[in-house]
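Dropping final_7.cif in here (mmCIF, N, CA and C atoms):
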data_entry
#
loop_
_atom_site.group_PDB
_atom_site.id
_atom_site.type_symbol
_atom_site.label_atom_id
_atom_site.label_comp_id
_atom_site.auth_asym_id
_atom_site.auth_seq_id
_atom_site.Cartn_x
_atom_site.Cartn_y
_atom_site.Cartn_z
ATOM 1 N N ALA A 128 43.624 94.499 126.130
ATOM 2 C CA ALA A 128 44.065 93.209 126.638
ATOM 3 C C ALA A 128 45.590 93.154 126.727
ATOM 4 N N LEU A 129 46.257 93.746 125.745
ATOM 5 C CA LEU A 129 47.722 93.735 125.758
ATOM 6 C C LEU A 129 48.251 94.515 126.955
ATOM 7 N N ILE A 130 47.681 95.652 127.231
ATOM 8 C CA ILE A 130 48.137 96.451 128.369
ATOM 9 C C ILE A 130 47.877 95.706 129.670
ATOM 10 N N GLN A 131 46.716 95.072 129.778
ATOM 11 C CA GLN A 131 46.400 94.310 130.981
ATOM 12 C C GLN A 131 47.331 93.120 131.155
ATOM 13 N N ALA A 132 47.876 92.587 130.066
ATOM 14 C CA ALA A 132 48.806 91.455 130.147
ATOM 15 C C ALA A 132 50.159 91.860 130.721
ATOM 16 N N GLU A 133 50.445 93.151 130.729
ATOM 17 C CA GLU A 133 51.700 93.689 131.260
ATOM 18 C C GLU A 133 52.936 92.920 130.750
ATOM 19 N N PRO A 134 53.137 92.921 129.433
ATOM 20 C CA PRO A 134 54.232 92.127 128.878
ATOM 21 C C PRO A 134 55.629 92.565 129.333
ATOM 22 N N PHE A 135 55.757 93.795 129.798
ATOM 23 C CA PHE A 135 57.067 94.288 130.209
ATOM 24 C C PHE A 135 57.229 94.357 131.722
ATOM 25 N N LYS A 136 56.305 93.736 132.444
ATOM 26 C CA LYS A 136 56.381 93.726 133.902
ATOM 27 C C LYS A 136 57.705 93.096 134.333
ATOM 28 N N GLY A 137 58.406 93.783 135.215
ATOM 29 C CA GLY A 137 59.677 93.270 135.723
ATOM 30 C C GLY A 137 60.885 93.639 134.885
ATOM 31 N N VAL A 138 60.679 94.289 133.744
ATOM 32 C CA VAL A 138 61.802 94.704 132.901
ATOM 33 C C VAL A 138 62.408 95.968 133.500
ATOM 34 N N GLU A 139 63.679 95.925 133.758
ATOM 35 C CA GLU A 139 64.369 97.098 134.288
ATOM 36 C C GLU A 139 64.635 98.077 133.154
ATOM 37 N N GLU A 140 64.149 99.295 133.320
ATOM 38 C CA GLU A 140 64.324 100.318 132.292
ATOM 39 C C GLU A 140 65.448 101.276 132.668
ATOM 40 N N THR A 141 66.238 101.631 131.662
ATOM 41 C CA THR A 141 67.268 102.650 131.797
ATOM 42 C C THR A 141 67.066 103.649 130.660
ATOM 43 N N ALA A 142 67.931 104.645 130.590
ATOM 44 C CA ALA A 142 67.836 105.627 129.499
ATOM 45 C C ALA A 142 68.060 104.974 128.137
ATOM 46 N N ASP A 143 68.739 103.834 128.111
ATOM 47 C CA ASP A 143 69.028 103.146 126.850
ATOM 48 C C ASP A 143 68.082 101.985 126.563
ATOM 49 N N THR A 144 67.070 101.782 127.390
ATOM 50 C CA THR A 144 66.132 100.681 127.196
ATOM 51 C C THR A 144 64.967 101.131 126.335
ATOM 52 N N ARG A 145 64.631 100.317 125.355
ATOM 53 C CA ARG A 145 63.477 100.585 124.503
ATOM 54 C C ARG A 145 62.538 99.379 124.596
ATOM 55 N N LEU A 146 61.263 99.657 124.812
ATOM 56 C CA LEU A 146 60.236 98.625 124.865
ATOM 57 C C LEU A 146 59.379 98.771 123.616
ATOM 58 N N TYR A 147 59.315 97.707 122.817
ATOM 59 C CA TYR A 147 58.608 97.771 121.540
ATOM 60 C C TYR A 147 57.536 96.700 121.434
ATOM 61 N N VAL A 148 56.463 97.055 120.725
ATOM 62 C CA VAL A 148 55.436 96.092 120.348
ATOM 63 C C VAL A 148 55.366 96.103 118.827
ATOM 64 N N THR A 149 55.564 94.943 118.240
ATOM 65 C CA THR A 149 55.474 94.790 116.797
ATOM 66 C C THR A 149 54.178 94.062 116.483
ATOM 67 N N PHE A 150 53.294 94.736 115.754
ATOM 68 C CA PHE A 150 52.023 94.138 115.364
ATOM 69 C C PHE A 150 52.222 93.421 114.036
ATOM 70 N N LEU A 151 51.702 92.205 113.948
ATOM 71 C CA LEU A 151 52.050 91.301 112.865
ATOM 72 C C LEU A 151 51.113 91.316 111.666
ATOM 73 N N GLY A 152 50.131 92.157 111.639
ATOM 74 C CA GLY A 152 49.321 92.325 110.438
ATOM 75 C C GLY A 152 48.573 91.097 109.989
ATOM 76 N N GLY A 153 48.003 90.348 110.916
ATOM 77 C CA GLY A 153 47.134 89.245 110.544
ATOM 78 C C GLY A 153 47.828 87.988 110.081
ATOM 79 N N ARG A 154 49.001 87.727 110.561
ATOM 80 C CA ARG A 154 49.669 86.464 110.225
ATOM 81 C C ARG A 154 48.799 85.293 110.648
ATOM 82 N N ALA A 155 48.866 84.209 109.911
ATOM 83 C CA ALA A 155 48.104 83.014 110.269
ATOM 84 C C ALA A 155 48.739 82.284 111.449
ATOM 85 N N THR A 156 50.050 82.391 111.576
ATOM 86 C CA THR A 156 50.752 81.721 112.674
ATOM 87 C C THR A 156 51.737 82.697 113.279
ATOM 88 N N GLN A 157 52.065 82.454 114.530
ATOM 89 C CA GLN A 157 53.024 83.343 115.171
ATOM 90 C C GLN A 157 54.437 82.977 114.740
ATOM 91 N N PRO A 158 55.312 83.966 114.617
ATOM 92 C CA PRO A 158 56.697 83.676 114.262
ATOM 93 C C PRO A 158 57.402 82.988 115.425
ATOM 94 N N ASP A 159 58.401 82.227 115.103
ATOM 95 C CA ASP A 159 59.182 81.528 116.117
ATOM 96 C C ASP A 159 60.213 82.487 116.691
ATOM 97 N N PRO A 160 60.096 82.829 117.999
ATOM 98 C CA PRO A 160 61.076 83.745 118.596
ATOM 99 C C PRO A 160 62.510 83.221 118.492
ATOM 100 N N GLU A 161 62.664 81.919 118.380
ATOM 101 C CA GLU A 161 64.007 81.347 118.238
ATOM 102 C C GLU A 161 64.654 81.767 116.921
ATOM 103 N N GLY A 162 63.836 82.133 115.940
ATOM 104 C CA GLY A 162 64.357 82.574 114.651
ATOM 105 C C GLY A 162 64.804 84.027 114.644
ATOM 106 N N ILE A 163 64.618 84.699 115.757
ATOM 107 C CA ILE A 163 65.012 86.102 115.879
ATOM 108 C C ILE A 163 66.252 86.152 116.763
ATOM 109 N N PRO A 164 67.381 86.647 116.253
ATOM 110 C CA PRO A 164 68.614 86.669 117.051
ATOM 111 C C PRO A 164 68.437 87.480 118.334
ATOM 112 N N GLN A 165 68.616 86.821 119.461
ATOM 113 C CA GLN A 165 68.482 87.473 120.756
ATOM 114 C C GLN A 165 69.793 87.363 121.528
ATOM 115 N N ASP A 166 70.005 88.337 122.394
ATOM 116 C CA ASP A 166 71.177 88.323 123.272
ATOM 117 C C ASP A 166 70.846 89.166 124.495
ATOM 118 N N GLU A 167 71.849 89.512 125.280
ATOM 119 C CA GLU A 167 71.588 90.280 126.501
ATOM 120 C C GLU A 167 71.060 91.687 126.215
ATOM 121 N N ASN A 168 71.215 92.168 124.990
ATOM 122 C CA ASN A 168 70.754 93.510 124.640
ATOM 123 C C ASN A 168 69.458 93.532 123.831
ATOM 124 N N PHE A 169 69.004 92.364 123.407
ATOM 125 C CA PHE A 169 67.745 92.287 122.683
ATOM 126 C C PHE A 169 67.080 90.963 123.015
ATOM 127 N N ARG A 170 65.832 91.060 123.516
ATOM 128 C CA ARG A 170 65.112 89.828 123.832
ATOM 129 C C ARG A 170 63.624 89.998 123.594
ATOM 130 N N ILE A 171 62.997 88.888 123.277
ATOM 131 C CA ILE A 171 61.556 88.819 123.102
ATOM 132 C C ILE A 171 60.965 88.427 124.454
ATOM 133 N N VAL A 172 59.989 89.201 124.939
ATOM 134 C CA VAL A 172 59.354 88.872 126.211
ATOM 135 C C VAL A 172 57.961 88.279 126.028
ATOM 136 N N ARG A 173 57.400 88.430 124.818
ATOM 137 C CA ARG A 173 56.077 87.860 124.528
ATOM 138 C C ARG A 173 55.948 87.755 123.014
ATOM 139 N N ALA A 174 55.425 86.636 122.549
ATOM 140 C CA ALA A 174 55.174 86.470 121.119
ATOM 141 C C ALA A 174 53.859 85.718 120.948
ATOM 142 N N THR A 175 52.943 86.330 120.220
ATOM 143 C CA THR A 175 51.662 85.704 119.905
ATOM 144 C C THR A 175 51.454 85.814 118.403
ATOM 145 N N ALA A 176 50.326 85.342 117.936
ATOM 146 C CA ALA A 176 50.007 85.467 116.508
ATOM 147 C C ALA A 176 49.713 86.911 116.123
ATOM 148 N N GLU A 177 49.455 87.779 117.126
ATOM 149 C CA GLU A 177 49.129 89.183 116.849
ATOM 150 C C GLU A 177 50.293 90.139 117.043
ATOM 151 N N GLU A 178 51.183 89.831 118.003
ATOM 152 C CA GLU A 178 52.246 90.786 118.304
ATOM 153 C C GLU A 178 53.484 90.101 118.872
ATOM 154 N N ILE A 179 54.581 90.860 118.794
ATOM 155 C CA ILE A 179 55.836 90.487 119.442
ATOM 156 C C ILE A 179 56.219 91.656 120.335
ATOM 157 N N CYS A 180 56.446 91.376 121.613
ATOM 158 C CA CYS A 180 56.888 92.397 122.554
ATOM 159 C C CYS A 180 58.372 92.169 122.805
ATOM 160 N N SER A 181 59.163 93.201 122.584
ATOM 161 C CA SER A 181 60.608 93.044 122.682
ATOM 162 C C SER A 181 61.233 94.165 123.494
ATOM 163 N N VAL A 182 62.398 93.847 124.046
ATOM 164 C CA VAL A 182 63.173 94.793 124.835
ATOM 165 C C VAL A 182 64.517 94.964 124.140
ATOM 166 N N LEU A 183 64.879 96.200 123.885
ATOM 167 C CA LEU A 183 66.158 96.519 123.255
ATOM 168 C C LEU A 183 66.933 97.446 124.176
ATOM 169 N N VAL A 184 68.180 97.074 124.453
ATOM 170 C CA VAL A 184 69.096 97.963 125.160
ATOM 171 C C VAL A 184 70.048 98.497 124.105
ATOM 172 N N LEU A 185 70.004 99.799 123.895
ATOM 173 C CA LEU A 185 70.818 100.408 122.847
ATOM 174 C C LEU A 185 72.300 100.262 123.158
ATOM 175 N N THR A 186 73.054 99.859 122.145
ATOM 176 C CA THR A 186 74.512 99.798 122.195
ATOM 177 C C THR A 186 75.009 100.297 120.846
ATOM 178 N N PRO A 187 76.314 100.542 120.711
ATOM 179 C CA PRO A 187 76.804 100.953 119.385
ATOM 180 C C PRO A 187 76.510 99.913 118.304
ATOM 181 N N GLU A 188 76.459 98.631 118.676
ATOM 182 C CA GLU A 188 76.207 97.565 117.702
ATOM 183 C C GLU A 188 74.725 97.271 117.515
ATOM 184 N N ARG A 189 73.921 97.571 118.497
ATOM 185 C CA ARG A 189 72.498 97.205 118.491
ATOM 186 C C ARG A 189 71.650 98.453 118.652
ATOM 187 N N ARG A 190 70.975 98.851 117.584
ATOM 188 C CA ARG A 190 70.110 100.027 117.589
ATOM 189 C C ARG A 190 68.754 99.610 117.011
ATOM 190 N N THR A 191 67.829 100.499 117.010
ATOM 191 C CA THR A 191 66.489 100.192 116.540
ATOM 192 C C THR A 191 66.456 99.678 115.095
ATOM 193 N N PRO A 192 67.214 100.243 114.141
ATOM 194 C CA PRO A 192 67.148 99.709 112.765
ATOM 195 C C PRO A 192 67.537 98.228 112.675
ATOM 196 N N GLU A 193 68.500 97.797 113.466
ATOM 197 C CA GLU A 193 68.892 96.385 113.445
ATOM 198 C C GLU A 193 67.765 95.502 113.975
ATOM 199 N N LEU A 194 67.075 95.987 115.004
ATOM 200 C CA LEU A 194 65.925 95.259 115.539
ATOM 201 C C LEU A 194 64.845 95.142 114.476
ATOM 202 N N MET A 195 64.528 96.237 113.802
ATOM 203 C CA MET A 195 63.486 96.219 112.777
ATOM 204 C C MET A 195 63.839 95.245 111.646
ATOM 205 N N ASP A 196 65.113 95.212 111.263
ATOM 206 C CA ASP A 196 65.550 94.267 110.227
ATOM 207 C C ASP A 196 65.329 92.827 110.673
ATOM 208 N N ALA A 197 65.720 92.500 111.901
ATOM 209 C CA ALA A 197 65.564 91.131 112.415
ATOM 210 C C ALA A 197 64.098 90.739 112.498
ATOM 211 N N LEU A 198 63.259 91.648 112.975
ATOM 212 C CA LEU A 198 61.834 91.351 113.071
ATOM 213 C C LEU A 198 61.206 91.202 111.691
ATOM 214 N N GLY A 199 61.608 92.038 110.748
ATOM 215 C CA GLY A 199 61.094 91.934 109.389
ATOM 216 C C GLY A 199 61.447 90.615 108.735
ATOM 217 N N LYS A 200 62.660 90.140 108.953
ATOM 218 C CA LYS A 200 63.076 88.850 108.400
ATOM 219 C C LYS A 200 62.293 87.700 109.011
ATOM 220 N N ALA A 201 61.987 87.789 110.298
ATOM 221 C CA ALA A 201 61.278 86.714 110.981
ATOM 222 C C ALA A 201 59.768 86.752 110.756
ATOM 223 N N ALA A 202 59.207 87.951 110.656
ATOM 224 C CA ALA A 202 57.748 88.078 110.628
ATOM 225 C C ALA A 202 57.200 88.609 109.314
ATOM 226 N N GLY A 203 58.054 88.963 108.380
ATOM 227 C CA GLY A 203 57.585 89.496 107.111
ATOM 228 C C GLY A 203 57.511 91.011 107.119
ATOM 229 N N LYS A 204 57.171 91.564 105.997
ATOM 230 C CA LYS A 204 57.164 93.024 105.844
ATOM 231 C C LYS A 204 55.838 93.656 106.250
ATOM 232 N N ASN A 205 54.795 92.864 106.454
ATOM 233 C CA ASN A 205 53.492 93.409 106.817
ATOM 234 C C ASN A 205 53.386 93.567 108.337
ATOM 235 N N ILE A 206 54.344 94.313 108.900
ATOM 236 C CA ILE A 206 54.385 94.537 110.342
ATOM 237 C C ILE A 206 54.518 96.028 110.615
ATOM 238 N N THR A 207 54.181 96.422 111.821
ATOM 239 C CA THR A 207 54.419 97.787 112.267
ATOM 240 C C THR A 207 54.810 97.732 113.732
ATOM 241 N N THR A 208 55.780 98.549 114.102
ATOM 242 C CA THR A 208 56.306 98.534 115.462
ATOM 243 C C THR A 208 56.087 99.897 116.109
ATOM 244 N N ARG A 209 55.665 99.861 117.367
ATOM 245 C CA ARG A 209 55.465 101.075 118.156
ATOM 246 C C ARG A 209 56.103 100.879 119.521
ATOM 247 N N SER A 210 56.487 101.996 120.124
ATOM 248 C CA SER A 210 57.037 101.911 121.476
ATOM 249 C C SER A 210 55.900 101.627 122.456
ATOM 250 N N TRP A 211 56.251 101.016 123.567
ATOM 251 C CA TRP A 211 55.262 100.717 124.595
ATOM 252 C C TRP A 211 54.606 102.008 125.097
ATOM 253 N N ASN A 212 55.389 103.075 125.244
ATOM 254 C CA ASN A 212 54.829 104.347 125.687
ATOM 255 C C ASN A 212 53.749 104.833 124.733
ATOM 256 N N THR A 213 53.960 104.679 123.444
ATOM 257 C CA THR A 213 52.964 105.079 122.447
ATOM 258 C C THR A 213 51.704 104.237 122.575
ATOM 259 N N ILE A 214 51.854 102.933 122.764
ATOM 260 C CA ILE A 214 50.704 102.039 122.922
ATOM 261 C C ILE A 214 49.871 102.469 124.127
ATOM 262 N N VAL A 215 50.553 102.741 125.230
ATOM 263 C CA VAL A 215 49.853 103.143 126.459
ATOM 264 C C VAL A 215 49.117 104.470 126.232
ATOM 265 N N LYS A 216 49.765 105.414 125.567
ATOM 266 C CA LYS A 216 49.119 106.711 125.293
ATOM 267 C C LYS A 216 47.900 106.550 124.406
ATOM 268 N N ILE A 217 48.018 105.736 123.361
ATOM 269 C CA ILE A 217 46.900 105.508 122.446
ATOM 270 C C ILE A 217 45.715 104.896 123.185
ATOM 271 N N ALA A 218 46.003 103.974 124.075
ATOM 272 C CA ALA A 218 44.951 103.299 124.825
ATOM 273 C C ALA A 218 44.377 104.165 125.933
ATOM 274 N N GLY A 219 45.072 105.262 126.258
ATOM 275 C CA GLY A 219 44.602 106.137 127.305
ATOM 276 C C GLY A 219 44.800 105.558 128.697
ATOM 277 N N SER A 220 45.767 104.650 128.818
ATOM 278 C CA SER A 220 46.055 104.003 130.098
ATOM 279 C C SER A 220 47.355 104.508 130.675
ATOM 280 N N LYS A 221 47.515 104.258 131.958
ATOM 281 C CA LYS A 221 48.767 104.592 132.623
ATOM 282 C C LYS A 221 49.232 103.431 133.436
#

Re-express the file's structure as structure tokens.
Amino acid sequence: ALIQAEPFKGVEETADTRLYVTFLGGRATQPDPEGIPQDENFRIVRATAEEICSVLVLTPERRTPELMDALGKAAGKNITTRSWNTIVKIAGSK
């Protein structure tokens, strides 16, 4: 269902663009995307009670560890994040 929803449709990808899906481990409520610091290099494109889909453009100030810290603070430690490419491979879709 997540792949069919195409959460990253229209996102321009470059060599520095990372597409991530963070699975929330059974939270009762979805986290508030407003509580996650976003800017032109990091944005949430979809947030549900099950997952957060985010786009990160790597810069010297903004790298994957900083994203993981922000998501952990907003959604708790019972989360796991995978790249969109990994999700697609696991699902066997293209």

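Taken over the shown file, the PyMOL selection byres ((chain A and resi 140-151) around 6.5) identifies Val138, Glu139, Gly152, Gly153, Arg154, Ala176, Glu177, Glu178, Ile179, Cys180, Ser181, Val182, Leu183, Val184, Leu185, Asn205, Ile206, Thr207, Thr208, Arg209, Ser210, Trp211 and Asn212 of chain A.
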
Query raised in the report: Among chain A, which ones does DSSP place in strand (DSSP E or B), written as a list of chain:residue names?
Result: A:Thr144, A:Arg145, A:Leu146, A:Tyr147, A:Val148, A:Thr149, A:Phe150, A:Asp166, A:Phe169, A:Arg170, A:Ile171, A:Val172, A:Arg173, A:Ala174, A:Glu178, A:Ile179, A:Cys180, A:Ser181, A:Val182, A:Leu183, A:Val184, A:Thr207, A:Thr208, A:Arg209, A:Ser210

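CA of Gln131 (chain A) to atom N of Glu193 (chain A) spans 28.4 Å [interatomic distance, one decimal].
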
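Atom N of Leu198 (chain A) is positioned 8.4 Å from CA of Pro164 (chain A).
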
Requested in this report: Please identify all polymer residues lying at most 12 Å from the point (46.0, 96.1, 126.2) (file coordinates), using only C-alpha atoms, and present the result as a PyMOL selection string.
Outcome: chain A and resi 128-135+148+178+211+213-221

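The space separating CA of Thr186 (chain A) from CA of Lys204 (chain A) comes to 24.8 Å.
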
Query raised in the report: Where does DSSP see helix (DSSP H, G or I) in region 165-210 of chain A, if you list the residues as a list in words?
Result: Thr191, Pro192, Glu193, Leu194, Met195, Asp196, Ala197, Leu198, Gly199, Lys200, Ala201 and Ala202 of chain A

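Among the candidates A:Thr175, A:Met195, A:Lys136, A:Ala201, the residue lying nearest to Ile163 (chain A) is A:Ala201 (atoms considered: all atoms listed in the file).
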
Could you work out an axis-aligned bounding box for all listed atoms of region 160-172 of chain A, with 5 Å added on each of the six sides, and give its centre and edge lengths in Å to one decimal, as AutoDock Vina command-line options?
--center_x 64.9 --center_y 87.4 --center_z 120.6 --size_x 23.9 --size_y 22.2 --size_z 21.9

Render region 181-202 of chain A from the structure in the preceding block as a file of N, CA and C atoms, as a PDB file, in the first residue's frame.
ATOM      1  N   SER A 181      10.257  10.935   4.427  1.00  0.00           N
ATOM      2  CA  SER A 181      10.997  12.190   4.452  1.00  0.00           C
ATOM      3  C   SER A 181      12.011  12.256   3.322  1.00  0.00           C
ATOM      4  N   VAL A 182      12.343  13.492   2.968  1.00  0.00           N
ATOM      5  CA  VAL A 182      13.324  13.770   1.929  1.00  0.00           C
ATOM      6  C   VAL A 182      14.451  14.565   2.575  1.00  0.00           C
ATOM      7  N   LEU A 183      15.663  14.095   2.391  1.00  0.00           N
ATOM      8  CA  LEU A 183      16.845  14.771   2.921  1.00  0.00           C
ATOM      9  C   LEU A 183      17.778  15.093   1.765  1.00  0.00           C
ATOM     10  N   VAL A 184      18.190  16.355   1.690  1.00  0.00           N
ATOM     11  CA  VAL A 184      19.234  16.756   0.754  1.00  0.00           C
ATOM     12  C   VAL A 184      20.487  16.949   1.591  1.00  0.00           C
ATOM     13  N   LEU A 185      21.488  16.132   1.325  1.00  0.00           N
ATOM     14  CA  LEU A 185      22.711  16.175   2.124  1.00  0.00           C
ATOM     15  C   LEU A 185      23.427  17.506   1.948  1.00  0.00           C
ATOM     16  N   THR A 186      23.845  18.076   3.068  1.00  0.00           N
ATOM     17  CA  THR A 186      24.678  19.276   3.104  1.00  0.00           C
ATOM     18  C   THR A 186      25.700  19.055   4.210  1.00  0.00           C
ATOM     19  N   PRO A 187      26.715  19.916   4.304  1.00  0.00           N
ATOM     20  CA  PRO A 187      27.662  19.744   5.419  1.00  0.00           C
ATOM     21  C   PRO A 187      26.980  19.828   6.784  1.00  0.00           C
ATOM     22  N   GLU A 188      25.893  20.597   6.887  1.00  0.00           N
ATOM     23  CA  GLU A 188      25.190  20.754   8.164  1.00  0.00           C
ATOM     24  C   GLU A 188      24.112  19.701   8.380  1.00  0.00           C
ATOM     25  N   ARG A 189      23.594  19.140   7.322  1.00  0.00           N
ATOM     26  CA  ARG A 189      22.452  18.219   7.398  1.00  0.00           C
ATOM     27  C   ARG A 189      22.828  16.890   6.770  1.00  0.00           C
ATOM     28  N   ARG A 190      22.986  15.868   7.599  1.00  0.00           N
ATOM     29  CA  ARG A 190      23.338  14.528   7.142  1.00  0.00           C
ATOM     30  C   ARG A 190      22.344  13.546   7.773  1.00  0.00           C
ATOM     31  N   THR A 191      22.445  12.316   7.421  1.00  0.00           N
ATOM     32  CA  THR A 191      21.517  11.313   7.912  1.00  0.00           C
ATOM     33  C   THR A 191      21.481  11.217   9.442  1.00  0.00           C
ATOM     34  N   PRO A 192      22.611  11.264  10.167  1.00  0.00           N
ATOM     35  CA  PRO A 192      22.523  11.170  11.638  1.00  0.00           C
ATOM     36  C   PRO A 192      21.674  12.285  12.262  1.00  0.00           C
ATOM     37  N   GLU A 193      21.737  13.484  11.715  1.00  0.00           N
ATOM     38  CA  GLU A 193      20.925  14.579  12.251  1.00  0.00           C
ATOM     39  C   GLU A 193      19.439  14.314  12.021  1.00  0.00           C
ATOM     40  N   LEU A 194      19.118  13.752  10.858  1.00  0.00           N
ATOM     41  CA  LEU A 194      17.733  13.383  10.567  1.00  0.00           C
ATOM     42  C   LEU A 194      17.257  12.331  11.557  1.00  0.00           C
ATOM     43  N   MET A 195      18.056  11.301  11.786  1.00  0.00           N
ATOM     44  CA  MET A 195      17.668  10.233  12.706  1.00  0.00           C
ATOM     45  C   MET A 195      17.443  10.778  14.122  1.00  0.00           C
ATOM     46  N   ASP A 196      18.295  11.709  14.546  1.00  0.00           N
ATOM     47  CA  ASP A 196      18.119  12.328  15.866  1.00  0.00           C
ATOM     48  C   ASP A 196      16.792  13.070  15.949  1.00  0.00           C
ATOM     49  N   ALA A 197      16.471  13.866  14.934  1.00  0.00           N
ATOM     50  CA  ALA A 197      15.219  14.637  14.931  1.00  0.00           C
ATOM     51  C   ALA A 197      14.008  13.718  14.930  1.00  0.00           C
ATOM     52  N   LEU A 198      14.055  12.664  14.127  1.00  0.00           N
ATOM     53  CA  LEU A 198      12.937  11.728  14.082  1.00  0.00           C
ATOM     54  C   LEU A 198      12.795  10.973  15.398  1.00  0.00           C
ATOM     55  N   GLY A 199      13.907  10.589  16.002  1.00  0.00           N
ATOM     56  CA  GLY A 199      13.863   9.905  17.286  1.00  0.00           C
ATOM     57  C   GLY A 199      13.258  10.761  18.379  1.00  0.00           C
ATOM     58  N   LYS A 200      13.588  12.040  18.393  1.00  0.00           N
ATOM     59  CA  LYS A 200      13.017  12.955  19.384  1.00  0.00           C
ATOM     60  C   LYS A 200      11.521  13.131  19.187  1.00  0.00           C
ATOM     61  N   ALA A 201      11.071  13.158  17.940  1.00  0.00           N
ATOM     62  CA  ALA A 201       9.658  13.369  17.651  1.00  0.00           C
ATOM     63  C   ALA A 201       8.822  12.098  17.785  1.00  0.00           C
ATOM     64  N   ALA A 202       9.402  10.958  17.430  1.00  0.00           N
ATOM     65  CA  ALA A 202       8.613   9.727  17.350  1.00  0.00           C
ATOM     66  C   ALA A 202       9.012   8.671  18.367  1.00  0.00           C
TER      67      ALA A 202
END
